[in-house]
Amino acid sequence: MSNSVDSAVQLADLSATTLLRFATAGSVDDGKSTLVGRLLHDSKSVLTDQLEAVEAASLKRGQEAPDLALLTDGLRAEREQGITIDVAYRYFATPRRRFILADTPGHVQYTRNMVTGASTADLAVVLVDARNGVIEQTRRHAAVAALLRVPHVVLAVNKMDLVAYEEKVFAKIAEEFTAYASELGVPEITAIPISALAGDNVVEPSANMDWYGGPTVLEHLETVPVSHDLTSCHARLPVQYVIRPQTAELPDYRGYAGQIAAGTFRVGEPVTVLPSGRTSRIAGIDLLGEAVDIAWTPQSVTLLLEDDIDISRGDLIVPSGDAPATTQDVEATVCHVADQPLTVGQRVLLKHTTRTVKAIVKEIPSRLTLDDLSQHPNPGQLVANDIGRVKVRTAEPLALDSYADSRRTGSFLLIDPADGTTLAAGMAGESFATHKVLNSVEDEEGWDF
C-alpha cells in the first residue's frame with residue numbers, strides 16, 4: 001500500500017512540474033551522442049537493463065568504462081544507413097522539470113531534420129568541438145534556431161579535456177558564436193564549457209574549470225524560464241473534420257473538429273470562417289464527449305455554430321474581432337530540405353495547417369550566405385540546406401499569421417505535387433535578416449494564379 005501511495009505522490013509531483021522541449025544539434029563527432037547519454041545517465045534516467053547492455057557492449061570493444069554514446073548511437077547508425085528516422089525523441093524527468101529531447105543528426109545532409117526537432121523547441125543546445133571552434137555547420141544550426149525563433153540557445157563547448165580545460169579557448173569560441181547568433185536575432189545565448197566524456201559541467205560542476213562560475217547543462221535546463229501559455233495568443237482552430245452523425249439521436253448535429261492551434265474559444269463568441277469570410281457564433285463546444293463553455297490550446301474540440309454554413313477540412317475558424325488577412329501572395333523565409341532544388345516557376349503544393357493548395361514559386365529574391373550573413377540576390381534556385389526568401393502565389397486564399405506571432409499558423413510546407421516529397425519548410429513574414437524585394441517573375445507554364 002505504501003508503495004502505491006508513494007507512486008501516486010511522485011506522479012502528482014511530476015505532473016506539477018513544468019515541461020521543457022529542447023533540441024540538440026552538432027556536427028559529426030562533436031560528441032552529441034555522448035552528451036545526450038551523459039545527461040540521461042547522470043540524471044538517473046537510464047533503465048538498469050539499458051545500462052547493463054551498454055556496459056557489456058563497451059567491454060566487448062575493450063573499453064573499461066561504459067561508452068554512454070551507445071545509449072543513442074543505435075538510431076544514429078540507422079539514419080546513416082539511409083533508414084528514414086527524422087528525429088529521435090527521448091523523454092526524461094528530474095524532480096524539478098520534465099523534458100522532451102529532440103535528438104537531431106549531425107551530418108550536413110541531415111540538417112533538414114533539425115528544422116523538425118527545433119520547430120517546437122523552447123531551447124536548442126548547439127554543440128561545438130573545442131578543438132575546431134565555430135564551423136559552417138555551427139553557423140547553420142544557429143541560423144536555423146534563429147529562423148525558427150527558438151527562445152533560448154545553449155552553446156555547449158565540448159571536449160574541453162582535449163584542450164587542457166583552457167579558459168581562453170572557451171572564451172574565444174563563446175565570443176565568436178555569441179556575436180554571430182546575436183546578429184541573427186537569437187534573444188538569449190548561454191555558453192557552457194563541458195566534457196561530455198568526463199562529465200564536466202553536464203550534470204555535476206567541474207573541478208577542472210574553477211574559472212567557470214555558471215550553471216551546468218542540466219541546471220540550466222532545469223531553471224531556464226519557459227512559457228507554454230498560448231491561451232492569450234490569436235485564437236485559431238484549423239478544421240480537421242466535419243462531424244455529421246445523421247442518426248436518430250443526432251439528426252441535425254454538425255460539428256467542426258480540430259485541435260486548437262492557439263488562443264481560447266468561448267460559447268457565444270462571434271467567429272469568422274476563413275478563407276470564405278462567413279460569420280456565425282459558437283453555439284456549443286464539445287470536449288471529450290462533454291459540453292464545455294470554454295476551450296483552449298492545445299485541446300482537441302468540436303465547435304458547433306449557430307448557423308449552417310459551408311465549412312470543410314482546411315478552413316480556419318477565428319474570432320471575428322481577431323481575423324488574419326487572407327492572401328494569395330505569400331512571402332516567407334524557407335529552409336530547403338529536399339535533395340532536388342527549388343526553382344523559380346516551379347509548381348508546388350503549399351500545406352498550411354490542415355489546408356493544402358496549389359502554388360507557384362514566383363520569385364526567390366535572395367539566399368542567405370552563412371559566413372557573413374549577407375544576402376545573395378536572385379539565386380534562381382535553392383538547394384538542400386539553403387535558407388532563402390521566396391515569393392509564392394497560391395491558387396486559393398490562405399489565412400497565414402506572421403511566424404513571429406504564431407509558430408503554428410505562421411508556418412507551412414512546400415511539397416512536390418508529383419511524389420509528395422517535402423521540399424521546404426517556410427516561415428511567413430519577416431525573417432531574422434533583411435532582404436531586397438525584387439520584381440515578380442511571370443509564369444509561362446500555366447498555373448498562373
# chains A, B, ... in the order shown; residues from 1 in each chain; ligands from 1
call {"tool": "residues_around", "arguments": {"residues": "Pro193 of chain A", "least_positions_apart": "2", "cutoff": "7 Å", "atoms": "only C-alpha atoms", "output": "VMD selection string"}}
result
chain A and resid 156 to 158 160 170 191 201
call {"tool": "write_last_selection", "arguments": {"atoms": "C-alpha atoms", "output": "short mmCIF file (atom, residue, chain, number, x, y, z; two decimals), in the first residue's frame"}}
result
data_model
loop_
_atom_site.label_atom_id
_atom_site.label_comp_id
_atom_site.auth_asym_id
_atom_site.auth_seq_id
_atom_site.Cartn_x
_atom_site.Cartn_y
_atom_site.Cartn_z
CA ALA A 156 27.95 23.66 -25.28
CA VAL A 157 31.70 23.85 -25.94
CA ASN A 158 32.58 20.16 -25.69
CA MET A 160 37.37 20.83 -23.06
CA PHE A 170 36.31 28.59 -24.42
CA ALA A 191 27.71 29.34 -23.25
CA ASN A 201 29.61 20.62 -16.25
#
call {"tool": "atom_distance", "arguments": {"atom1": "atom CA of Gly213 of chain A", "atom2": "atom CA of Val163 of chain A"}}
result
18.9 Å
call {"tool": "residues_around", "arguments": {"residues": "Arg393 of chain A", "least_positions_apart": "3", "cutoff": "6 Å", "atoms": "only C-alpha atoms", "output": "list in words"}}
result
Gln328, Asp329, Ala359 and Ile360 of chain A
call {"tool": "residues_around", "arguments": {"residues": "Ser43 of chain A", "least_positions_apart": "4", "cutoff": "8 Å", "atoms": "only C-alpha atoms", "output": "list in words"}}
result
Leu39, Thr94 and Val203 of chain A
call {"tool": "closest_residue", "arguments": {"among": "A:Leu423, A:Leu162, A:Ala332, A:Val144", "to": "Arg131 of chain A", "atoms": "only C-alpha atoms"}}
result
A:Leu162
call {"tool": "residues_around", "arguments": {"residues": "Pro270 of chain A", "least_positions_apart": "6", "cutoff": "12 Å", "atoms": "only C-alpha atoms", "output": "list of chain:residue names"}}
result
A:Arg278, A:Thr279, A:Ser280, A:Arg281, A:Ile282, A:Ala283, A:Gly284, A:Leu304, A:Leu305, A:Glu306, A:Asp307, A:Ile317, A:Val318, A:Pro319, A:Ser320, A:Gly321, A:Asp322, A:Ala323
call {"tool": "closest_residue", "arguments": {"among": "A:Gly345, A:Val242, A:Thr247, A:Ala384", "to": "Ile309 of chain A", "atoms": "only C-alpha atoms"}}
result
A:Val242
call {"tool": "residues_around", "arguments": {"residues": "Asp293 of chain A", "least_positions_apart": "5", "cutoff": "7 Å", "atoms": "only C-alpha atoms", "output": "ChimeraX atom specification"}}
result
/A:266-267,285
call {"tool": "residues_around", "arguments": {"residues": "segment 180-187 of chain A", "least_positions_apart": "6", "cutoff": "9 Å", "atoms": "only C-alpha atoms", "output": "PyMOL selection string"}}
result
chain A and resi 139+142-143+145-147+149-153+372-373+432-433
call {"tool": "atom_distance", "arguments": {"atom1": "atom CA of His41 of chain A", "atom2": "atom CA of Ala102 of chain A"}}
result
16.8 Å
call {"tool": "closest_residue", "arguments": {"among": "A:Lys172, A:Lys391, A:Arg313, A:Arg407", "to": "Thr343 of chain A", "atoms": "only C-alpha atoms"}}
result
A:Lys391
call {"tool": "select_by_dssp", "arguments": {"residues": "segment 58-268 of chain A", "states": "strand (DSSP E or B)", "output": "ChimeraX atom specification"}}
result
/A:88-93,97-103,123-129,152-158,188-193,195,200,204,236-238,241-243,255-259,262,264-266
call {"tool": "atom_distance", "arguments": {"atom1": "atom CA of Thr190 of chain A", "atom2": "atom CA of Glu219 of chain A"}}
result
12.0 Å
call {"tool": "closest_residue", "arguments": {"among": "A:Ala404, A:Leu342, A:Leu127, A:Leu349", "to": "Cys233 of chain A", "atoms": "only C-alpha atoms"}}
result
A:Ala404
call {"tool": "closest_residue", "arguments": {"among": "A:Val226, A:Lys168, A:Trp296, A:Gln246", "to": "Trp211 of chain A", "atoms": "only C-alpha atoms"}}
result
A:Lys168
call {"tool": "closest_residue", "arguments": {"among": "A:Val28, A:Leu350, A:Val224, A:Ile243", "to": "Thr138 of chain A", "atoms": "only C-alpha atoms"}}
result
A:Val28
call {"tool": "decode", "arguments": {"residues": "segment 347-373 of chain A", "atoms": "N, CA, C and O atoms", "output": "mmCIF file, in the first residue's frame"}}
result
data_model
loop_
_atom_site.group_PDB
_atom_site.id
_atom_site.type_symbol
_atom_site.label_atom_id
_atom_site.label_comp_id
_atom_site.auth_asym_id
_atom_site.auth_seq_id
_atom_site.Cartn_x
_atom_site.Cartn_y
_atom_site.Cartn_z
ATOM 1 N N ARG A 347 6.049 24.471 -59.906
ATOM 2 C CA ARG A 347 4.731 24.194 -59.353
ATOM 3 C C ARG A 347 4.887 23.364 -58.089
ATOM 4 O O ARG A 347 5.589 22.363 -58.082
ATOM 5 N N VAL A 348 4.196 23.766 -57.047
ATOM 6 C CA VAL A 348 4.301 23.082 -55.759
ATOM 7 C C VAL A 348 2.916 23.014 -55.124
ATOM 8 O O VAL A 348 1.957 23.616 -55.610
ATOM 9 N N LEU A 349 2.839 22.259 -54.051
ATOM 10 C CA LEU A 349 1.686 22.312 -53.154
ATOM 11 C C LEU A 349 2.127 23.004 -51.875
ATOM 12 O O LEU A 349 3.235 22.767 -51.379
ATOM 13 N N LEU A 350 1.256 23.860 -51.356
ATOM 14 C CA LEU A 350 1.554 24.536 -50.097
ATOM 15 C C LEU A 350 0.598 24.011 -49.040
ATOM 16 O O LEU A 350 -0.614 24.125 -49.181
ATOM 17 N N LYS A 351 1.170 23.424 -47.977
ATOM 18 C CA LYS A 351 0.369 22.874 -46.872
ATOM 19 C C LYS A 351 0.475 23.801 -45.672
ATOM 20 O O LYS A 351 1.557 23.987 -45.109
ATOM 21 N N HIS A 352 -0.661 24.383 -45.293
ATOM 22 C CA HIS A 352 -0.728 25.292 -44.140
ATOM 23 C C HIS A 352 -1.789 24.759 -43.186
ATOM 24 O O HIS A 352 -2.956 24.646 -43.552
ATOM 25 N N THR A 353 -1.399 24.394 -41.995
ATOM 26 C CA THR A 353 -2.255 23.700 -41.013
ATOM 27 C C THR A 353 -2.918 22.513 -41.714
ATOM 28 O O THR A 353 -2.224 21.618 -42.175
ATOM 29 N N THR A 354 -4.245 22.502 -41.812
ATOM 30 C CA THR A 354 -4.923 21.351 -42.430
ATOM 31 C C THR A 354 -5.318 21.637 -43.876
ATOM 32 O O THR A 354 -6.048 20.858 -44.477
ATOM 33 N N ARG A 355 -4.830 22.733 -44.427
ATOM 34 C CA ARG A 355 -5.216 23.135 -45.785
ATOM 35 C C ARG A 355 -4.048 22.953 -46.749
ATOM 36 O O ARG A 355 -2.918 23.358 -46.456
ATOM 37 N N THR A 356 -4.298 22.361 -47.907
ATOM 38 C CA THR A 356 -3.285 22.177 -48.939
ATOM 39 C C THR A 356 -3.800 22.754 -50.250
ATOM 40 O O THR A 356 -4.896 22.402 -50.699
ATOM 41 N N VAL A 357 -3.013 23.655 -50.861
ATOM 42 C CA VAL A 357 -3.432 24.319 -52.098
ATOM 43 C C VAL A 357 -2.297 24.273 -53.117
ATOM 44 O O VAL A 357 -1.121 24.128 -52.763
ATOM 45 N N LYS A 358 -2.656 24.412 -54.388
ATOM 46 C CA LYS A 358 -1.654 24.520 -55.442
ATOM 47 C C LYS A 358 -0.985 25.894 -55.381
ATOM 48 O O LYS A 358 -1.599 26.880 -54.986
ATOM 49 N N ALA A 359 0.271 25.927 -55.812
ATOM 50 C CA ALA A 359 1.003 27.187 -55.768
ATOM 51 C C ALA A 359 2.136 27.165 -56.792
ATOM 52 O O ALA A 359 2.507 26.109 -57.313
ATOM 53 N N ILE A 360 2.665 28.348 -57.059
ATOM 54 C CA ILE A 360 3.822 28.518 -57.943
ATOM 55 C C ILE A 360 4.856 29.379 -57.230
ATOM 56 O O ILE A 360 4.518 30.389 -56.601
ATOM 57 N N VAL A 361 6.117 28.972 -57.330
ATOM 58 C CA VAL A 361 7.212 29.787 -56.814
ATOM 59 C C VAL A 361 7.440 30.920 -57.814
ATOM 60 O O VAL A 361 7.952 30.702 -58.907
ATOM 61 N N LYS A 362 7.064 32.140 -57.444
ATOM 62 C CA LYS A 362 7.162 33.275 -58.356
ATOM 63 C C LYS A 362 8.536 33.941 -58.315
ATOM 64 O O LYS A 362 9.021 34.438 -59.327
ATOM 65 N N GLU A 363 9.141 33.970 -57.152
ATOM 66 C CA GLU A 363 10.459 34.595 -57.017
ATOM 67 C C GLU A 363 11.259 33.906 -55.920
ATOM 68 O O GLU A 363 10.695 33.358 -54.970
ATOM 69 N N ILE A 364 12.567 33.955 -56.065
ATOM 70 C CA ILE A 364 13.493 33.627 -54.975
ATOM 71 C C ILE A 364 14.409 34.842 -54.855
ATOM 72 O O ILE A 364 15.474 34.905 -55.474
ATOM 73 N N PRO A 365 13.980 35.858 -54.106
ATOM 74 C CA PRO A 365 14.719 37.119 -54.070
ATOM 75 C C PRO A 365 16.144 37.012 -53.537
ATOM 76 O O PRO A 365 17.016 37.760 -53.958
ATOM 77 N N SER A 366 16.372 36.075 -52.603
ATOM 78 C CA SER A 366 17.706 36.043 -52.005
ATOM 79 C C SER A 366 17.965 34.706 -51.325
ATOM 80 O O SER A 366 17.053 33.965 -50.983
ATOM 81 N N ARG A 367 19.254 34.432 -51.158
ATOM 82 C CA ARG A 367 19.707 33.256 -50.401
ATOM 83 C C ARG A 367 20.706 33.724 -49.354
ATOM 84 O O ARG A 367 21.568 34.564 -49.628
ATOM 85 N N LEU A 368 20.574 33.207 -48.142
ATOM 86 C CA LEU A 368 21.438 33.625 -47.048
ATOM 87 C C LEU A 368 22.816 32.994 -47.180
ATOM 88 O O LEU A 368 22.950 31.788 -47.391
ATOM 89 N N THR A 369 23.855 33.822 -47.077
ATOM 90 C CA THR A 369 25.229 33.342 -47.030
ATOM 91 C C THR A 369 25.625 33.213 -45.564
ATOM 92 O O THR A 369 25.659 34.211 -44.832
ATOM 93 N N LEU A 370 25.927 31.996 -45.135
ATOM 94 C CA LEU A 370 26.115 31.740 -43.711
ATOM 95 C C LEU A 370 27.384 32.375 -43.152
ATOM 96 O O LEU A 370 27.438 32.739 -41.979
ATOM 97 N N ASP A 371 28.413 32.505 -43.980
ATOM 98 C CA ASP A 371 29.680 33.007 -43.461
ATOM 99 C C ASP A 371 29.557 34.410 -42.881
ATOM 100 O O ASP A 371 30.013 34.684 -41.774
ATOM 101 N N ASP A 372 28.945 35.318 -43.658
ATOM 102 C CA ASP A 372 28.884 36.707 -43.219
ATOM 103 C C ASP A 372 27.456 37.236 -43.094
ATOM 104 O O ASP A 372 27.244 38.434 -42.903
ATOM 105 N N LEU A 373 26.465 36.351 -43.211
ATOM 106 C CA LEU A 373 25.047 36.695 -43.085
ATOM 107 C C LEU A 373 24.582 37.683 -44.164
ATOM 108 O O LEU A 373 23.573 38.367 -43.995
#
